[in-house]
Amino acid sequence: MGLLSGTVSVTRFTVAVPPEGPDFERARFWAIEPGSDVRERMGFVPFELEAPYEVGSRRWAFRVRIDRIRADATALKERVRELIRTEMEATGAPFVGAKTRKRLRELAEGELCARQAPRTRILECAIDGSLLYVASTAKAHLGSVLTLLRQAGVEADFKAPWLDEAPEVDEASDVVIPKEPGQSVLGCRFLRALLEEPEVMVEPETGSVRLATREAKVSLTGAVLHDLFRYLEEGAEILSAKLHLGPVPLRFDALAYRLNGVRLEPVKNEHWTVDLDQRLEQIAAVFTLLDEKYAALKEKLGAPMAPQEETAEPAAAV
């Protein structure tokens, strides 16, 4: 899913961009040459072929291309078996040792990769003033984007309300321990409070909710409302939920303040830059609504009342 597709997954960052703009050429994408031992390359490419990176005042649109060559797992397994059999026949040994097996596996992987084309992944991104939008919520992909941006002279940090100002309530939790940059249990409590707002509704029929209890993580699907509120009453923290934010359906990753599967009105204009302008406005409107809701509800985000049960080890966030 890209920034201009009908359904968008997006992570938002704050960025510090040099006055002269990002130096995308310092980390431009270079293709993997045929026969090369290189197995992975990544770098910047224009948002559209031969288009400029700068598309407005302090606005840049770009894509991160990641090419990887990986041997097919099944083919690799079969080739290793063939090489082991050949080795045993040549040496007369009844078996091969661990070092020989490792060497044969590396040989098989090299053979297969030499005949295989790279698999390509494209991540669409846009810098709009002091904000960066990345059309992904995958940790590995976000890390790749931030690494390349640092090479281009841009510093980026995750953006969430609890990062913009010091929290006014206790962030401690005996249920969830955030372990990734930008995560906070305040996001979980915000989502819980958000469900009480009149214009917000959990998807009633094809719902999807993830919660953390003191014992385990719980996933609910389908008609989730009854079980969801039962778990919340028992002291669970809600990690993410598929919901309707006004007219916009989305999945909100509360712990990290990221949006998945946001279904937005199509953008179809004569030029892609106009489409991008409209799409960034749509995405910014969703985040702005969430930010405003957080500001209105933040005083209610203290630790929930815990049920009187024996405690267990808190669950680590994923």
# chains A, B, ... in the order shown; residues from 1 in each chain; ligands from 1
call {"tool": "select_by_dssp", "arguments": {"residues": "region 109-194 of chain A", "states": "helix (DSSP H, G or I)", "output": "number ranges by chain"}}
result
A: 109-114, 139-151, 161-164, 185-194
call {"tool": "residues_around", "arguments": {"residues": "Arg85 (chain A)", "least_positions_apart": "4", "cutoff": "10 Å", "atoms": "only C-alpha atoms", "output": "mmCIF file with N, CA, C and O atoms, in the first residue's frame"}}
result
data_model
loop_
_atom_site.group_PDB
_atom_site.id
_atom_site.type_symbol
_atom_site.label_atom_id
_atom_site.label_comp_id
_atom_site.auth_asym_id
_atom_site.auth_seq_id
_atom_site.Cartn_x
_atom_site.Cartn_y
_atom_site.Cartn_z
ATOM 1 N N ARG A 79 18.533 -28.567 -2.825
ATOM 2 C CA ARG A 79 19.892 -28.484 -3.372
ATOM 3 C C ARG A 79 20.925 -28.910 -2.343
ATOM 4 O O ARG A 79 21.923 -29.572 -2.692
ATOM 5 N N VAL A 80 20.721 -28.566 -1.095
ATOM 6 C CA VAL A 80 21.639 -28.993 -0.035
ATOM 7 C C VAL A 80 21.643 -30.513 0.074
ATOM 8 O O VAL A 80 22.701 -31.145 0.224
ATOM 9 N N ARG A 81 20.485 -31.144 -0.032
ATOM 10 C CA ARG A 81 20.420 -32.608 0.024
ATOM 11 C C ARG A 81 21.209 -33.229 -1.133
ATOM 12 O O ARG A 81 21.904 -34.238 -0.954
ATOM 13 N N GLU A 89 29.143 -39.534 -1.622
ATOM 14 C CA GLU A 89 29.596 -40.463 -2.663
ATOM 15 C C GLU A 89 31.066 -40.235 -3.005
ATOM 16 O O GLU A 89 31.806 -41.185 -3.274
ATOM 17 N N ALA A 90 31.491 -38.985 -2.997
ATOM 18 C CA ALA A 90 32.878 -38.671 -3.349
ATOM 19 C C ALA A 90 33.863 -39.078 -2.267
ATOM 20 O O ALA A 90 34.992 -39.471 -2.561
ATOM 21 N N PRO A 94 29.944 -42.027 5.667
ATOM 22 C CA PRO A 94 28.522 -42.324 5.888
ATOM 23 C C PRO A 94 27.689 -41.095 6.230
ATOM 24 O O PRO A 94 26.468 -41.147 6.222
ATOM 25 N N PHE A 95 28.366 -39.993 6.548
ATOM 26 C CA PHE A 95 27.643 -38.753 6.876
ATOM 27 C C PHE A 95 28.602 -37.581 6.678
ATOM 28 O O PHE A 95 29.814 -37.773 6.466
ATOM 29 N N VAL A 96 28.059 -36.368 6.740
ATOM 30 C CA VAL A 96 28.897 -35.164 6.660
ATOM 31 C C VAL A 96 28.784 -34.415 7.982
ATOM 32 O O VAL A 96 27.727 -34.402 8.625
#
call {"tool": "atom_distance", "arguments": {"atom1": "CA of Asp128 (chain A)", "atom2": "CA of Leu239 (chain A)"}}
result
28.5 Å
call {"tool": "residues_around", "arguments": {"residues": "Leu301 (chain A)", "least_positions_apart": "5", "cutoff": "8 Å", "atoms": "only C-alpha atoms", "output": "VMD selection string"}}
result
chain A and resid 169 186 189 to 190 193
call {"tool": "residues_around", "arguments": {"residues": "region 199-213 of chain A", "least_positions_apart": "2", "cutoff": "6 Å", "atoms": "only C-alpha atoms", "output": "VMD selection string"}}
result
chain A and resid 175 195 197 215 to 224 236 to 246
call {"tool": "closest_residue", "arguments": {"among": "A:Ala108, A:Ala172, A:Leu264, A:Ala93", "to": "Gln278 (chain A)", "atoms": "only C-alpha atoms"}}
result
A:Leu264
call {"tool": "residues_around", "arguments": {"residues": "Arg150 (chain A)", "least_positions_apart": "5", "cutoff": "10 Å", "atoms": "only C-alpha atoms", "output": "PyMOL selection string"}}
result
chain A and resi 22-23+27+145+155-156
call {"tool": "write_last_selection", "arguments": {"atoms": "C-alpha atoms", "output": "PDB file, in the first residue's frame"}}
result
ATOM      1  CA  PRO A  22      17.634  16.610   1.976  1.00  0.00           C
ATOM      2  CA  ASP A  23      20.581  15.373  -0.075  1.00  0.00           C
ATOM      3  CA  ALA A  27      21.838   7.616  -0.618  1.00  0.00           C
ATOM      4  CA  VAL A 145      13.794   4.791   5.958  1.00  0.00           C
ATOM      5  CA  GLU A 155      16.954  13.701  11.525  1.00  0.00           C
ATOM      6  CA  ALA A 156      13.615  12.059  12.327  1.00  0.00           C
TER       7      ALA A 156
END
call {"tool": "decode", "arguments": {"residues": "region 118-149 of chain A", "atoms": "N, CA, C and O atoms", "output": "PDB file, in the first residue's frame"}}
result
ATOM      1  N   PRO A 118      16.214 -10.053  -8.032  1.00  0.00           N
ATOM      2  CA  PRO A 118      15.884  -9.466  -6.730  1.00  0.00           C
ATOM      3  C   PRO A 118      14.376  -9.293  -6.561  1.00  0.00           C
ATOM      4  O   PRO A 118      13.640  -9.090  -7.531  1.00  0.00           O
ATOM      5  N   ARG A 119      13.938  -9.362  -5.319  1.00  0.00           N
ATOM      6  CA  ARG A 119      12.574  -8.985  -4.972  1.00  0.00           C
ATOM      7  C   ARG A 119      12.594  -7.537  -4.504  1.00  0.00           C
ATOM      8  O   ARG A 119      13.411  -7.162  -3.669  1.00  0.00           O
ATOM      9  N   THR A 120      11.678  -6.757  -5.035  1.00  0.00           N
ATOM     10  CA  THR A 120      11.693  -5.314  -4.794  1.00  0.00           C
ATOM     11  C   THR A 120      10.526  -4.897  -3.910  1.00  0.00           C
ATOM     12  O   THR A 120       9.405  -5.353  -4.097  1.00  0.00           O
ATOM     13  N   ARG A 121      10.825  -4.048  -2.945  1.00  0.00           N
ATOM     14  CA  ARG A 121       9.788  -3.414  -2.131  1.00  0.00           C
ATOM     15  C   ARG A 121       9.957  -1.905  -2.225  1.00  0.00           C
ATOM     16  O   ARG A 121      11.076  -1.394  -2.141  1.00  0.00           O
ATOM     17  N   ILE A 122       8.850  -1.208  -2.398  1.00  0.00           N
ATOM     18  CA  ILE A 122       8.852   0.246  -2.513  1.00  0.00           C
ATOM     19  C   ILE A 122       8.086   0.836  -1.332  1.00  0.00           C
ATOM     20  O   ILE A 122       6.956   0.427  -1.039  1.00  0.00           O
ATOM     21  N   LEU A 123       8.700   1.795  -0.657  1.00  0.00           N
ATOM     22  CA  LEU A 123       8.064   2.503   0.456  1.00  0.00           C
ATOM     23  C   LEU A 123       7.884   3.958   0.050  1.00  0.00           C
ATOM     24  O   LEU A 123       8.870   4.664  -0.199  1.00  0.00           O
ATOM     25  N   GLU A 124       6.654   4.412  -0.026  1.00  0.00           N
ATOM     26  CA  GLU A 124       6.378   5.795  -0.414  1.00  0.00           C
ATOM     27  C   GLU A 124       6.406   6.692   0.818  1.00  0.00           C
ATOM     28  O   GLU A 124       5.841   6.344   1.866  1.00  0.00           O
ATOM     29  N   CYS A 125       7.037   7.844   0.665  1.00  0.00           N
ATOM     30  CA  CYS A 125       7.222   8.761   1.792  1.00  0.00           C
ATOM     31  C   CYS A 125       7.046  10.204   1.321  1.00  0.00           C
ATOM     32  O   CYS A 125       7.217  10.515   0.142  1.00  0.00           O
ATOM     33  N   ALA A 126       6.730  11.061   2.276  1.00  0.00           N
ATOM     34  CA  ALA A 126       6.637  12.488   1.978  1.00  0.00           C
ATOM     35  C   ALA A 126       7.029  13.286   3.211  1.00  0.00           C
ATOM     36  O   ALA A 126       6.605  12.964   4.330  1.00  0.00           O
ATOM     37  N   ILE A 127       7.854  14.296   3.000  1.00  0.00           N
ATOM     38  CA  ILE A 127       8.183  15.261   4.049  1.00  0.00           C
ATOM     39  C   ILE A 127       7.363  16.511   3.773  1.00  0.00           C
ATOM     40  O   ILE A 127       7.426  17.079   2.680  1.00  0.00           O
ATOM     41  N   ASP A 128       6.581  16.929   4.759  1.00  0.00           N
ATOM     42  CA  ASP A 128       5.735  18.111   4.630  1.00  0.00           C
ATOM     43  C   ASP A 128       6.062  19.041   5.785  1.00  0.00           C
ATOM     44  O   ASP A 128       5.564  18.871   6.905  1.00  0.00           O
ATOM     45  N   GLY A 129       6.948  20.006   5.529  1.00  0.00           N
ATOM     46  CA  GLY A 129       7.386  20.900   6.597  1.00  0.00           C
ATOM     47  C   GLY A 129       8.200  20.140   7.628  1.00  0.00           C
ATOM     48  O   GLY A 129       9.257  19.581   7.326  1.00  0.00           O
ATOM     49  N   SER A 130       7.688  20.092   8.856  1.00  0.00           N
ATOM     50  CA  SER A 130       8.406  19.410   9.937  1.00  0.00           C
ATOM     51  C   SER A 130       7.888  17.999  10.176  1.00  0.00           C
ATOM     52  O   SER A 130       8.250  17.372  11.180  1.00  0.00           O
ATOM     53  N   LEU A 131       7.065  17.493   9.273  1.00  0.00           N
ATOM     54  CA  LEU A 131       6.481  16.165   9.438  1.00  0.00           C
ATOM     55  C   LEU A 131       6.901  15.243   8.299  1.00  0.00           C
ATOM     56  O   LEU A 131       7.024  15.665   7.148  1.00  0.00           O
ATOM     57  N   LEU A 132       7.095  13.991   8.645  1.00  0.00           N
ATOM     58  CA  LEU A 132       7.387  12.942   7.670  1.00  0.00           C
ATOM     59  C   LEU A 132       6.299  11.889   7.761  1.00  0.00           C
ATOM     60  O   LEU A 132       5.951  11.441   8.859  1.00  0.00           O
ATOM     61  N   TYR A 133       5.752  11.511   6.614  1.00  0.00           N
ATOM     62  CA  TYR A 133       4.773  10.434   6.542  1.00  0.00           C
ATOM     63  C   TYR A 133       5.387   9.280   5.751  1.00  0.00           C
ATOM     64  O   TYR A 133       5.858   9.465   4.626  1.00  0.00           O
ATOM     65  N   VAL A 134       5.377   8.096   6.345  1.00  0.00           N
ATOM     66  CA  VAL A 134       5.892   6.886   5.700  1.00  0.00           C
ATOM     67  C   VAL A 134       4.742   5.904   5.555  1.00  0.00           C
ATOM     68  O   VAL A 134       4.055   5.599   6.533  1.00  0.00           O
ATOM     69  N   ALA A 135       4.556   5.409   4.339  1.00  0.00           N
ATOM     70  CA  ALA A 135       3.437   4.498   4.071  1.00  0.00           C
ATOM     71  C   ALA A 135       3.789   3.077   4.491  1.00  0.00           C
ATOM     72  O   ALA A 135       3.825   2.148   3.684  1.00  0.00           O
ATOM     73  N   SER A 136       4.056   2.914   5.768  1.00  0.00           N
ATOM     74  CA  SER A 136       4.337   1.603   6.348  1.00  0.00           C
ATOM     75  C   SER A 136       4.270   1.731   7.864  1.00  0.00           C
ATOM     76  O   SER A 136       4.494   2.810   8.414  1.00  0.00           O
ATOM     77  N   THR A 137       3.967   0.632   8.528  1.00  0.00           N
ATOM     78  CA  THR A 137       4.053   0.573   9.988  1.00  0.00           C
ATOM     79  C   THR A 137       4.986  -0.534  10.442  1.00  0.00           C
ATOM     80  O   THR A 137       5.106  -0.795  11.638  1.00  0.00           O
ATOM     81  N   ALA A 138       5.652  -1.202   9.487  1.00  0.00           N
ATOM     82  CA  ALA A 138       6.566  -2.304   9.816  1.00  0.00           C
ATOM     83  C   ALA A 138       7.860  -1.744  10.407  1.00  0.00           C
ATOM     84  O   ALA A 138       8.481  -0.853   9.829  1.00  0.00           O
ATOM     85  N   LYS A 139       8.281  -2.290  11.527  1.00  0.00           N
ATOM     86  CA  LYS A 139       9.454  -1.768  12.226  1.00  0.00           C
ATOM     87  C   LYS A 139      10.706  -1.809  11.352  1.00  0.00           C
ATOM     88  O   LYS A 139      11.484  -0.846  11.314  1.00  0.00           O
ATOM     89  N   ALA A 140      10.912  -2.920  10.646  1.00  0.00           N
ATOM     90  CA  ALA A 140      12.117  -3.041   9.826  1.00  0.00           C
ATOM     91  C   ALA A 140      12.132  -2.005   8.707  1.00  0.00           C
ATOM     92  O   ALA A 140      13.173  -1.396   8.417  1.00  0.00           O
ATOM     93  N   HIS A 141      10.978  -1.780   8.073  1.00  0.00           N
ATOM     94  CA  HIS A 141      10.911  -0.809   6.990  1.00  0.00           C
ATOM     95  C   HIS A 141      11.117   0.605   7.510  1.00  0.00           C
ATOM     96  O   HIS A 141      11.814   1.417   6.882  1.00  0.00           O
ATOM     97  N   LEU A 142      10.522   0.921   8.643  1.00  0.00           N
ATOM     98  CA  LEU A 142      10.703   2.259   9.211  1.00  0.00           C
ATOM     99  C   LEU A 142      12.161   2.503   9.558  1.00  0.00           C
ATOM    100  O   LEU A 142      12.697   3.593   9.333  1.00  0.00           O
ATOM    101  N   GLY A 143      12.821   1.488  10.084  1.00  0.00           N
ATOM    102  CA  GLY A 143      14.237   1.618  10.400  1.00  0.00           C
ATOM    103  C   GLY A 143      15.075   1.889   9.166  1.00  0.00           C
ATOM    104  O   GLY A 143      16.015   2.698   9.201  1.00  0.00           O
ATOM    105  N   SER A 144      14.742   1.241   8.048  1.00  0.00           N
ATOM    106  CA  SER A 144      15.475   1.470   6.803  1.00  0.00           C
ATOM    107  C   SER A 144      15.300   2.906   6.325  1.00  0.00           C
ATOM    108  O   SER A 144      16.261   3.557   5.892  1.00  0.00           O
ATOM    109  N   VAL A 145      14.062   3.417   6.393  1.00  0.00           N
ATOM    110  CA  VAL A 145      13.794   4.791   5.958  1.00  0.00           C
ATOM    111  C   VAL A 145      14.582   5.786   6.810  1.00  0.00           C
ATOM    112  O   VAL A 145      15.223   6.712   6.284  1.00  0.00           O
ATOM    113  N   LEU A 146      14.555   5.611   8.126  1.00  0.00           N
ATOM    114  CA  LEU A 146      15.250   6.558   9.009  1.00  0.00           C
ATOM    115  C   LEU A 146      16.759   6.505   8.810  1.00  0.00           C
ATOM    116  O   LEU A 146      17.440   7.542   8.863  1.00  0.00           O
ATOM    117  N   THR A 147      17.294   5.307   8.556  1.00  0.00           N
ATOM    118  CA  THR A 147      18.732   5.176   8.304  1.00  0.00           C
ATOM    119  C   THR A 147      19.141   5.941   7.056  1.00  0.00           C
ATOM    120  O   THR A 147      20.142   6.678   7.046  1.00  0.00           O
ATOM    121  N   LEU A 148      18.378   5.799   5.975  1.00  0.00           N
ATOM    122  CA  LEU A 148      18.690   6.503   4.738  1.00  0.00           C
ATOM    123  C   LEU A 148      18.526   8.016   4.894  1.00  0.00           C
ATOM    124  O   LEU A 148      19.326   8.793   4.360  1.00  0.00           O
ATOM    125  N   LEU A 149      17.497   8.445   5.629  1.00  0.00           N
ATOM    126  CA  LEU A 149      17.296   9.876   5.819  1.00  0.00           C
ATOM    127  C   LEU A 149      18.447  10.512   6.593  1.00  0.00           C
ATOM    128  O   LEU A 149      18.846  11.650   6.308  1.00  0.00           O
TER     129      LEU A 149
END
